[in-house]
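*Asks:* This is target.cif, which holds mmCIF, C-alpha atoms:
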```cif
data_final
#
loop_
_atom_site.label_atom_id
_atom_site.label_comp_id
_atom_site.auth_asym_id
_atom_site.auth_seq_id
_atom_site.Cartn_x
_atom_site.Cartn_y
_atom_site.Cartn_z
CA MET A 1 145.64 -104.45 -78.75
CA ARG A 2 142.34 -103.07 -79.96
CA ASP A 3 140.95 -106.49 -80.85
CA GLN A 4 141.62 -107.70 -77.30
CA ASP A 5 139.86 -104.65 -75.83
CA GLN A 6 136.86 -105.14 -78.10
CA GLN A 7 136.72 -108.87 -77.27
CA PHE A 8 136.86 -108.07 -73.51
CA PHE A 9 134.14 -105.44 -73.84
CA ASP A 10 131.86 -107.80 -75.79
CA SER A 11 132.37 -110.58 -73.22
CA PHE A 12 131.76 -108.17 -70.33
CA MET A 13 128.50 -106.88 -71.88
CA LEU A 14 127.35 -110.47 -72.50
CA VAL A 15 127.91 -111.37 -68.83
CA ILE A 16 126.09 -108.19 -67.66
CA GLY A 17 123.17 -108.97 -69.98
CA ILE A 18 122.90 -112.53 -68.69
CA LEU A 19 122.98 -111.29 -65.06
CA ILE A 20 120.23 -108.75 -65.75
CA GLY A 21 118.11 -111.42 -67.44
CA VAL A 22 118.54 -113.82 -64.50
CA THR A 23 117.63 -111.02 -62.04
CA VAL A 24 114.44 -110.15 -63.92
CA GLY A 25 113.52 -113.83 -64.18
CA LEU A 26 114.03 -114.34 -60.43
CA PHE A 27 111.93 -111.27 -59.68
CA PHE A 28 108.96 -112.55 -61.68
CA LEU A 29 109.34 -116.06 -60.24
CA ALA A 30 109.32 -114.71 -56.67
CA ARG A 31 106.32 -112.55 -57.46
CA ALA A 32 104.35 -115.46 -58.90
CA ILE A 33 105.10 -117.61 -55.86
CA ALA A 34 104.12 -114.79 -53.49
CA ILE A 35 100.80 -114.19 -55.26
CA ASP A 36 99.92 -117.88 -55.12
CA THR A 37 100.83 -118.40 -51.47
CA GLN A 38 100.64 -115.04 -49.70
CA GLY A 39 97.34 -114.12 -51.34
CA GLU A 40 95.60 -117.14 -49.82
CA PHE A 41 96.83 -116.29 -46.32
CA VAL A 42 95.86 -112.64 -46.61
CA ARG A 43 92.35 -113.43 -47.84
CA ALA A 44 91.92 -115.92 -44.98
CA ASP A 45 92.78 -113.27 -42.35
CA PRO A 46 89.58 -112.32 -40.43
CA ARG A 47 90.56 -108.63 -40.31
CA VAL A 48 90.91 -108.51 -44.09
CA LYS A 49 87.56 -110.26 -44.48
CA ALA A 50 85.92 -107.72 -42.14
CA GLU A 51 87.39 -104.79 -44.10
CA ILE A 52 86.17 -106.26 -47.41
CA ASP A 53 82.69 -106.84 -45.95
CA ALA A 54 82.61 -103.23 -44.68
CA ARG A 55 83.54 -101.90 -48.13
CA ILE A 56 80.91 -103.89 -50.02
CA LYS A 57 78.01 -103.72 -47.56
CA PRO A 58 74.77 -102.25 -48.92
CA VAL A 59 74.33 -98.51 -48.66
CA GLY A 60 70.72 -98.72 -47.55
CA GLN A 61 68.05 -101.16 -46.52
CA VAL A 62 64.33 -101.64 -46.94
CA VAL A 63 62.36 -100.71 -43.83
CA LEU A 64 58.65 -101.34 -43.52
CA LEU A 65 56.17 -99.56 -41.27
CA GLY A 66 56.34 -100.99 -37.78
CA ASP A 67 59.95 -102.15 -38.07
CA GLU A 68 62.22 -101.37 -35.17
CA ALA A 69 64.84 -99.99 -37.57
CA LEU A 70 62.33 -97.35 -38.76
CA ALA A 71 61.71 -96.16 -35.20
CA GLU A 72 65.45 -95.92 -34.59
CA ALA A 73 65.99 -93.94 -37.79
CA GLN A 74 63.17 -91.52 -36.91
CA ALA A 75 64.60 -91.01 -33.42
CA ALA A 76 68.07 -90.34 -34.86
CA ALA A 77 66.64 -87.82 -37.36
CA ALA A 78 64.71 -86.01 -34.62
CA ALA A 79 67.82 -85.80 -32.44
CA ALA A 80 69.95 -84.24 -35.20
CA PRO A 81 70.34 -80.48 -34.73
CA ALA A 82 68.88 -78.22 -37.39
CA PRO A 83 71.40 -76.22 -39.42
CA VAL A 84 71.81 -72.63 -38.30
CA ASP A 85 70.98 -70.02 -40.94
CA MET A 86 73.53 -67.25 -40.46
CA PRO A 87 72.92 -63.94 -42.24
CA LEU A 88 75.71 -62.77 -44.51
CA THR A 89 77.71 -59.64 -43.80
CA GLY A 90 77.69 -56.73 -46.22
CA ALA A 91 81.13 -57.69 -47.52
CA GLN A 92 80.03 -61.30 -48.04
CA VAL A 93 76.91 -60.25 -49.96
CA PHE A 94 78.98 -57.90 -52.11
CA ASN A 95 81.63 -60.54 -52.84
CA GLN A 96 79.05 -63.22 -53.65
CA ASN A 97 76.49 -61.17 -55.58
CA CYS A 98 77.00 -57.42 -56.03
CA TYR A 99 80.51 -57.57 -57.49
CA ILE A 100 79.05 -58.94 -60.73
CA CYS A 101 77.82 -55.46 -61.66
CA HIS A 102 79.65 -53.15 -59.25
CA ALA A 103 83.22 -54.32 -59.91
CA ALA A 104 85.24 -52.37 -62.48
CA PRO A 105 84.32 -51.42 -65.16
CA GLY A 106 80.68 -51.60 -63.96
CA VAL A 107 77.86 -53.35 -65.82
CA GLY A 108 74.66 -51.72 -67.01
CA GLY A 109 75.50 -48.33 -65.57
CA ALA A 110 76.22 -49.69 -62.08
CA PRO A 111 78.61 -47.44 -60.14
CA VAL A 112 81.96 -49.12 -59.46
CA ILE A 113 82.68 -49.79 -55.80
CA GLY A 114 85.14 -47.29 -54.38
CA ASP A 115 84.73 -44.77 -57.25
CA ALA A 116 83.75 -41.58 -55.41
CA ALA A 117 82.85 -39.69 -58.60
CA GLN A 118 80.30 -42.29 -59.68
CA TRP A 119 78.76 -42.56 -56.21
CA ALA A 120 78.71 -38.86 -55.23
CA ASP A 121 75.21 -38.04 -56.60
CA ARG A 122 73.78 -41.30 -55.30
CA ILE A 123 75.20 -40.82 -51.80
CA ALA A 124 73.90 -37.25 -51.77
CA GLN A 125 70.34 -38.63 -52.09
CA GLY A 126 70.77 -40.39 -48.73
CA ILE A 127 71.16 -43.92 -47.49
CA ASP A 128 67.38 -44.47 -47.34
CA VAL A 129 67.05 -43.83 -51.09
CA LEU A 130 70.02 -46.12 -51.82
CA ASN A 131 68.49 -48.87 -49.68
CA ASP A 132 65.09 -48.43 -51.36
CA HIS A 133 66.64 -48.69 -54.84
CA ALA A 134 68.64 -51.76 -53.83
CA LEU A 135 65.67 -53.50 -52.21
CA ASN A 136 62.93 -52.63 -54.72
CA GLY A 137 64.89 -52.01 -57.89
CA TYR A 138 65.42 -48.83 -59.86
CA GLN A 139 65.42 -47.69 -63.48
CA GLY A 140 67.58 -44.60 -63.89
CA SER A 141 69.03 -42.63 -66.77
CA THR A 142 72.37 -44.45 -66.49
CA GLY A 143 71.11 -48.01 -66.03
CA PHE A 144 68.92 -50.53 -64.29
CA MET A 145 69.14 -51.96 -60.75
CA PRO A 146 67.01 -55.10 -60.25
CA ALA A 147 65.34 -55.64 -56.88
CA LYS A 148 67.89 -57.09 -54.44
CA GLY A 149 70.39 -57.08 -57.29
CA GLY A 150 68.54 -59.96 -58.91
CA PHE A 151 69.05 -62.24 -55.89
CA PRO A 152 65.62 -62.52 -54.20
CA ALA A 153 66.90 -65.09 -51.68
CA LEU A 154 68.82 -62.33 -49.90
CA SER A 155 67.13 -60.89 -46.83
CA ASP A 156 66.39 -57.16 -46.70
CA GLN A 157 68.98 -56.74 -43.95
CA GLU A 158 71.66 -58.45 -46.03
CA VAL A 159 70.96 -56.07 -48.93
CA VAL A 160 71.02 -53.05 -46.61
CA ASP A 161 74.34 -54.26 -45.15
CA ALA A 162 75.77 -54.66 -48.68
CA VAL A 163 74.71 -51.10 -49.57
CA GLN A 164 76.35 -49.79 -46.41
CA TYR A 165 79.51 -51.77 -47.25
CA MET A 166 79.68 -50.18 -50.72
CA VAL A 167 79.04 -46.69 -49.31
CA ASP A 168 81.78 -47.26 -46.72
CA GLN A 169 84.20 -48.22 -49.50
CA VAL A 170 83.40 -45.02 -51.36
CA GLN A 171 83.76 -42.90 -48.23
CA GLN A 172 87.21 -44.36 -47.66
CA ASN A 173 88.12 -42.91 -51.08
CA GLY A 174 86.97 -39.40 -50.22
CA ALA A 175 83.25 -39.06 -51.03
CA GLU A 176 80.83 -37.25 -48.77
CA PRO A 177 79.17 -39.31 -46.02
CA ALA A 178 75.64 -40.53 -46.71
CA ALA A 179 72.80 -38.56 -45.16
CA GLN A 180 70.80 -40.55 -42.61
#
```
In structure tokens, what does this structure look like?

*Replies:*
Amino acid sequence: MRDQDQQFFDSFMLVIGILIGVTVGLFFLARAIAIDTQGEFVRADPRVKAEIDARIKPVGQVVLLGDEALAEAQAAAAAAPAPVDMPLTGAQVFNQNCYICHAAPGVGGAPVIGDAAQWADRIAQGIDVLNDHALNGYQGSTGFMPAKGGFPALSDQEVVDAVQYMVDQVQQNGAEPAAQ
């Protein structure tokens, strides 16, 4: 009985193998026929040609003085609105610049934002002194503060807003309010 089962299994696997081989062969034959015939029709379609032309068109062109295209380009450039330069808020300035030194654990003697003990003596000097040190720089016994935190592109108002933001964070943790 076992020989008959083995013979049946071998014959069954042979038939399955032949069917799989025929299927794969038919797939590749159909694909080859489709590439040869369908490809020609697709490339002849005017919409496909227009899309291909749009993808491969030149990025720029040569324009000489006096050309009409130059006048059109200048008019388009003049009509474009100028970008608006928005000042950053105190929180934005802190998160983009000041956190480098004022985030825990503090770099170069910089007081950590929100640490009332480290800020108490500084806040006691008044907000005007803090703003002056932030804007013009300061060399103290505990460290060095470069002018505008080392970011000269910041406006004075942005630096003042960042100082106020840091003082507000400290005051939320229980330090004395800054003297005006």

*Asks:* Need to verify the contact set: Phe94 of chain A, 9 Å, all atoms listed in the file, exclusion of same-chain residues closer than 2 positions in sequence. Can you return it as a list in words?

*Replies:*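 Residues meeting the cut-off are Thr89, Gly90, Ala91, Gln92, Gln96, Asn97, Cys98, Tyr99, Ile100, His102, Val159, Ala162, Val163, Tyr165 and Met166 of chain A.
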
*Asks:* Restricting the calculation to only C-alpha atoms, which member of A:Leu88, A:Val112, A:Leu130, A:Ala104 is positioned closest to Leu154 of chain A?

*Replies:*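 Looking at the shortest contact to Leu154 of chain A, the residue is A:Leu88.
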
*Asks:* Just give me the gap between atom CA of Val93 of chain A and atom CA of Glu158 of chain A in Å, one decimal is fine.

*Replies:*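 It comes out at 6.8 Å.
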
*Asks:* Return the single residue from A:Val170, A:Ala117, A:Leu65, A:Val160 that is closest to His133 of chain A, with distances computed using only C-alpha atoms.

*Replies:*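 Looking only at the distances to His133 of chain A, the closest residue turns out to be A:Val160.
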
*Asks:* Distance atom CA of Ile18 of chain A-atom CA of Asp36 of chain A, one decimal place?

*Replies:*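 Here the two named atoms are 27.2 Å from each other.
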
*Asks:* Smallest atom-to-atom distance to Gln118 of chain A: which of A:Arg43, A:Gly66, A:Arg31, A:Gln171, using all atoms listed in the file?

*Replies:*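 Looking at the shortest contact to Gln118 of chain A, the residue is A:Gln171.
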
*Asks:* Quick one, how far is atom CA of Gly150 of chain A from atom CA of Gly137 of chain A?

*Replies:* 8.8 Å

*Asks:* For a quick check of your reading of the model, name the residues lying within 12 Å of the coordinate (68.5, -44.0, -64.8), counting all atoms listed in the file, and write them as a list of chain:residue names.

*Replies:*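 Here the neighbourhood of the point contains A:Gly108, A:Gly109, A:Ala110, A:Pro111, A:Arg122, A:His133, A:Gly137, A:Tyr138, A:Gln139, A:Gly140, A:Ser141, A:Thr142, A:Gly143, A:Phe144, A:Met145.
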
*Asks:* What would segment 114-133 of chain A look like with N, CA and C atoms in place, written as an mmCIF file, keeping the file's coordinate frame?

*Replies:*
```cif
data_model
loop_
_atom_site.group_PDB
_atom_site.id
_atom_site.type_symbol
_atom_site.label_atom_id
_atom_site.label_comp_id
_atom_site.auth_asym_id
_atom_site.auth_seq_id
_atom_site.Cartn_x
_atom_site.Cartn_y
_atom_site.Cartn_z
ATOM 1 N N GLY A 114 83.951 -48.070 -54.699
ATOM 2 C CA GLY A 114 85.140 -47.290 -54.380
ATOM 3 C C GLY A 114 85.356 -46.073 -55.269
ATOM 4 N N ASP A 115 84.566 -45.907 -56.345
ATOM 5 C CA ASP A 115 84.730 -44.770 -57.250
ATOM 6 C C ASP A 115 83.860 -43.615 -56.741
ATOM 7 N N ALA A 116 84.478 -42.675 -56.049
ATOM 8 C CA ALA A 116 83.750 -41.580 -55.410
ATOM 9 C C ALA A 116 82.986 -40.728 -56.412
ATOM 10 N N ALA A 117 83.529 -40.525 -57.597
ATOM 11 C CA ALA A 117 82.850 -39.690 -58.600
ATOM 12 C C ALA A 117 81.539 -40.320 -59.042
ATOM 13 N N GLN A 118 81.527 -41.630 -59.242
ATOM 14 C CA GLN A 118 80.300 -42.290 -59.680
ATOM 15 C C GLN A 118 79.259 -42.375 -58.566
ATOM 16 N N TRP A 119 79.682 -42.406 -57.340
ATOM 17 C CA TRP A 119 78.760 -42.560 -56.210
ATOM 18 C C TRP A 119 78.311 -41.230 -55.609
ATOM 19 N N ALA A 120 78.981 -40.139 -55.914
ATOM 20 C CA ALA A 120 78.710 -38.860 -55.230
ATOM 21 C C ALA A 120 77.237 -38.460 -55.287
ATOM 22 N N ASP A 121 76.616 -38.444 -56.487
ATOM 23 C CA ASP A 121 75.210 -38.040 -56.600
ATOM 24 C C ASP A 121 74.288 -39.023 -55.886
ATOM 25 N N ARG A 122 74.626 -40.285 -55.945
ATOM 26 C CA ARG A 122 73.780 -41.300 -55.300
ATOM 27 C C ARG A 122 73.837 -41.160 -53.777
ATOM 28 N N ILE A 123 75.043 -40.964 -53.244
ATOM 29 C CA ILE A 123 75.200 -40.820 -51.800
ATOM 30 C C ILE A 123 74.524 -39.546 -51.319
ATOM 31 N N ALA A 124 74.538 -38.516 -52.139
ATOM 32 C CA ALA A 124 73.900 -37.250 -51.770
ATOM 33 C C ALA A 124 72.392 -37.420 -51.585
ATOM 34 N N GLN A 125 71.777 -38.394 -52.243
ATOM 35 C CA GLN A 125 70.340 -38.630 -52.090
ATOM 36 C C GLN A 125 69.999 -39.234 -50.725
ATOM 37 N N GLY A 126 70.991 -39.812 -50.061
ATOM 38 C CA GLY A 126 70.770 -40.390 -48.730
ATOM 39 C C GLY A 126 70.747 -41.905 -48.754
ATOM 40 N N ILE A 127 71.069 -42.470 -47.611
ATOM 41 C CA ILE A 127 71.160 -43.920 -47.490
ATOM 42 C C ILE A 127 69.794 -44.590 -47.633
ATOM 43 N N ASP A 128 68.722 -43.893 -47.226
ATOM 44 C CA ASP A 128 67.380 -44.470 -47.340
ATOM 45 C C ASP A 128 66.992 -44.666 -48.807
ATOM 46 N N VAL A 129 67.340 -43.718 -49.650
ATOM 47 C CA VAL A 129 67.050 -43.830 -51.090
ATOM 48 C C VAL A 129 67.886 -44.959 -51.697
ATOM 49 N N LEU A 130 69.161 -45.028 -51.313
ATOM 50 C CA LEU A 130 70.020 -46.120 -51.820
ATOM 51 C C LEU A 130 69.468 -47.480 -51.415
ATOM 52 N N ASN A 131 69.043 -47.600 -50.157
ATOM 53 C CA ASN A 131 68.490 -48.870 -49.680
ATOM 54 C C ASN A 131 67.200 -49.215 -50.426
ATOM 55 N N ASP A 132 66.341 -48.206 -50.642
ATOM 56 C CA ASP A 132 65.090 -48.430 -51.360
ATOM 57 C C ASP A 132 65.365 -48.913 -52.787
ATOM 58 N N HIS A 133 66.310 -48.280 -53.471
ATOM 59 C CA HIS A 133 66.640 -48.690 -54.840
ATOM 60 C C HIS A 133 67.227 -50.105 -54.857
#
```
